[in-house]
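The structure appears below as structure tokens.
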Amino acid sequence: MAVTSTTTDPDVVVRTFFDALMAGSTATAADLLTDDVWWANVGLPTMRGKRAVVGAISAMNRSIAFGVDIHHLAVSAPADPTNPQAPVVVLTERTDYLGVGPLRVGFWVCGRLEVRDGRVCGWQDYFSKSDMAKGAVRGLVEMVTGRGR
């Protein structure tokens with residue numbers, strides 16, 4: 001999956017980024033990140049810098065199958081409308097899937113990504129731990145019964 005310097009539309013950047021994550025392409029995902037990127041998941045420490053974020057993505061790709069269904073994607077105004085260099089905010093409502101072996105856990109996520117100059121420079125995901133637990137139970141039932149997917 002090649003990334004070109006003309007990929008600057010925030011919605012295209014975000015969709016391409018998630019496509020790279022689903023494909024397990026750490027290199028493509030890394031190409032879509034700024035050096036000063038940050039990534040925060042509710043309840044977990046914020047990772048700062050491209051090296052830390054790419055390291056986490058690489059570790060995820062080695063041990064977990066990732067999938068996503070984007071239900072809504074909305075491109076907003078710049079994070080600070082008074083600053084012409086401010087990133088553009090892209091909101092996503094989606095279902096993320098984490099798979100380990102035959103177990104696949106699906107849960108709702110709301111994501112806020114910031115895109116600057118055709119690259120993701122910030123990423124905050126919000127999700128419900130109880131919804132994640134329900135997804136784990138559904139995944140276990142589907143794994144045991146062979147239903148689903």
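The chains in the structure tokens are called A, B, ... from first to last as shown; in each chain the residues are counted from 1, and the ligands are counted from 1 in the order shown.
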Practice prompt. Considering only C-alpha atoms, return as an MDAnalysis selection string whatever protein or nucleic-acid residues lie within 8 Å of Val120 of chain A, sequence-local ones (same chain, fewer than 4 positions apart) excluded.
Written response: chainID A and resid 13:14 32:34 37 113:116
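Using only C-alpha atoms, the contacts of Val137 of chain A at a cut-off of 10 Å, with sequence neighbours closer than 3 positions omitted, comprise Leu103, Arg104, Val105, Gly106, Asp131, Met132, Ala133, Lys134, Leu140, Val141, Glu142 and Met143 of chain A.
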Output of the above residues as a compact mmCIF listing (two decimals), in the first residue's frame, restricted to N, CA and C atoms:
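selection_10.txt was written with the following content:
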```
# COMPACT_ATOMS: atom_id res chain seq x y z
N LEU A 103 -10.27 -16.27 18.71
CA LEU A 103 -11.09 -15.31 19.46
C LEU A 103 -11.07 -13.95 18.78
N ARG A 104 -12.26 -13.40 18.54
CA ARG A 104 -12.38 -12.07 17.93
C ARG A 104 -13.33 -11.24 18.80
N VAL A 105 -12.81 -10.13 19.32
CA VAL A 105 -13.58 -9.27 20.21
C VAL A 105 -13.91 -7.97 19.47
N GLY A 106 -15.19 -7.68 19.34
CA GLY A 106 -15.63 -6.45 18.69
C GLY A 106 -16.23 -5.50 19.71
N ASP A 131 -18.51 -2.41 27.25
CA ASP A 131 -18.80 -2.85 25.88
C ASP A 131 -17.70 -3.80 25.39
N MET A 132 -16.47 -3.52 25.78
CA MET A 132 -15.37 -4.40 25.40
C MET A 132 -15.55 -5.77 26.07
N ALA A 133 -15.98 -5.78 27.32
CA ALA A 133 -16.23 -7.05 28.03
C ALA A 133 -17.36 -7.83 27.36
N LYS A 134 -18.43 -7.11 26.96
CA LYS A 134 -19.53 -7.78 26.23
C LYS A 134 -19.02 -8.35 24.91
N LEU A 140 -16.21 -15.14 22.68
CA LEU A 140 -16.04 -16.49 23.24
C LEU A 140 -17.18 -17.41 22.82
N VAL A 141 -18.42 -16.89 22.86
CA VAL A 141 -19.58 -17.70 22.44
C VAL A 141 -19.43 -18.08 20.96
N GLU A 142 -19.06 -17.11 20.12
CA GLU A 142 -18.89 -17.39 18.70
C GLU A 142 -17.77 -18.39 18.47
N MET A 143 -16.70 -18.29 19.25
CA MET A 143 -15.57 -19.20 19.09
C MET A 143 -15.98 -20.62 19.48
```
List as a Markdown table every residue of segment 93-143 of chain A that is in contact with segment 42-48 of chain A, defined as an atom at most 12 Å from one of its atoms (using only C-alpha atoms), together with the nearest atom pair and the distance in Å rounded to one decimal, sorted by chain and then rising number.
```
| residue | atom | partner | partner_atom | distance |
| --- | --- | --- | --- | --- |
| A:Val109 | CA | A:Val42 | CA | 10.4 |
| A:Cys110 | CA | A:Val42 | CA | 10.5 |
| A:Gly111 | CA | A:Val42 | CA | 10.5 |
| A:Arg112 | CA | A:Val42 | CA | 11.7 |
| A:Cys121 | CA | A:Arg48 | CA | 10.0 |
| A:Gly122 | CA | A:Arg48 | CA | 9.2 |
| A:Trp123 | CA | A:Thr46 | CA | 9.6 |
| A:Gln124 | CA | A:Val42 | CA | 7.7 |
| A:Asp125 | CA | A:Val42 | CA | 6.4 |
| A:Tyr126 | CA | A:Val42 | CA | 5.5 |
| A:Phe127 | CA | A:Val42 | CA | 6.9 |
| A:Ser128 | CA | A:Val42 | CA | 8.8 |
| A:Lys129 | CA | A:Val42 | CA | 9.4 |
```
Please produce a file of those selected residues containing N, CA and C atoms, as an mmCIF file, in the first residue's frame.
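New file out12.cif:
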```cif
data_model
loop_
_atom_site.group_PDB
_atom_site.id
_atom_site.type_symbol
_atom_site.label_atom_id
_atom_site.label_comp_id
_atom_site.auth_asym_id
_atom_site.auth_seq_id
_atom_site.Cartn_x
_atom_site.Cartn_y
_atom_site.Cartn_z
ATOM 1 N N VAL A 109 -16.057 2.108 19.350
ATOM 2 C CA VAL A 109 -15.004 3.093 19.622
ATOM 3 C C VAL A 109 -15.386 4.408 18.957
ATOM 4 N N CYS A 110 -15.148 5.498 19.657
ATOM 5 C CA CYS A 110 -15.228 6.824 19.065
ATOM 6 C C CYS A 110 -13.797 7.345 19.040
ATOM 7 N N GLY A 111 -13.332 7.738 17.877
ATOM 8 C CA GLY A 111 -11.960 8.208 17.737
ATOM 9 C C GLY A 111 -11.914 9.643 17.268
ATOM 10 N N ARG A 112 -10.925 10.365 17.790
ATOM 11 C CA ARG A 112 -10.669 11.744 17.379
ATOM 12 C C ARG A 112 -9.241 11.782 16.870
ATOM 13 N N CYS A 121 -1.323 13.504 13.375
ATOM 14 C CA CYS A 121 -0.432 14.062 14.407
ATOM 15 C C CYS A 121 -0.993 13.859 15.810
ATOM 16 N N GLY A 122 -2.242 13.391 15.912
ATOM 17 C CA GLY A 122 -2.851 13.107 17.204
ATOM 18 C C GLY A 122 -3.963 12.094 17.050
ATOM 19 N N TRP A 123 -4.138 11.266 18.085
ATOM 20 C CA TRP A 123 -5.132 10.193 17.990
ATOM 21 C C TRP A 123 -5.618 9.868 19.387
ATOM 22 N N GLN A 124 -6.900 10.086 19.626
ATOM 23 C CA GLN A 124 -7.522 9.788 20.925
ATOM 24 C C GLN A 124 -8.689 8.847 20.678
ATOM 25 N N ASP A 125 -8.685 7.699 21.340
ATOM 26 C CA ASP A 125 -9.795 6.751 21.231
ATOM 27 C C ASP A 125 -10.544 6.670 22.551
ATOM 28 N N TYR A 126 -11.879 6.691 22.450
ATOM 29 C CA TYR A 126 -12.762 6.556 23.591
ATOM 30 C C TYR A 126 -13.563 5.269 23.393
ATOM 31 N N PHE A 127 -13.624 4.451 24.429
ATOM 32 C CA PHE A 127 -14.408 3.227 24.344
ATOM 33 C C PHE A 127 -14.879 2.840 25.729
ATOM 34 N N SER A 128 -15.891 2.006 25.768
ATOM 35 C CA SER A 128 -16.469 1.543 27.022
ATOM 36 C C SER A 128 -15.851 0.199 27.386
ATOM 37 N N LYS A 129 -15.306 0.117 28.589
ATOM 38 C CA LYS A 129 -14.738 -1.156 29.040
ATOM 39 C C LYS A 129 -15.820 -2.219 29.181
#
```
Worksheet item: What are the DSSP strand (DSSP E or B) residues of segment 51-110 of chain A, as a PyMOL selection string?
Response: chain A and resi 65-78+88-100+103-110
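One distance worth recording is that between atom CA of Trp39 of chain A and atom CA of Ala52 of chain A, which is 9.1 Å.
With only C-alpha atoms as the atoms that count, the minimum distance from Pro78 of chain A to the choices A:Asp117, A:Glu93, A:Ala29, A:Gly24 is reached by A:Asp117.
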Worksheet item: Mind pulling up the distance from atom CA of Tyr97 of chain A to atom CA of Asp69 of chain A?
Response: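 So the two atoms, atom CA of Asp69 of chain A and atom CA of Tyr97 of chain A, lie 8.4 Å apart.
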Response to the item:
A straight line from atom CA of His72 of chain A to atom CA of Asp96 of chain A spans 13.0 Å
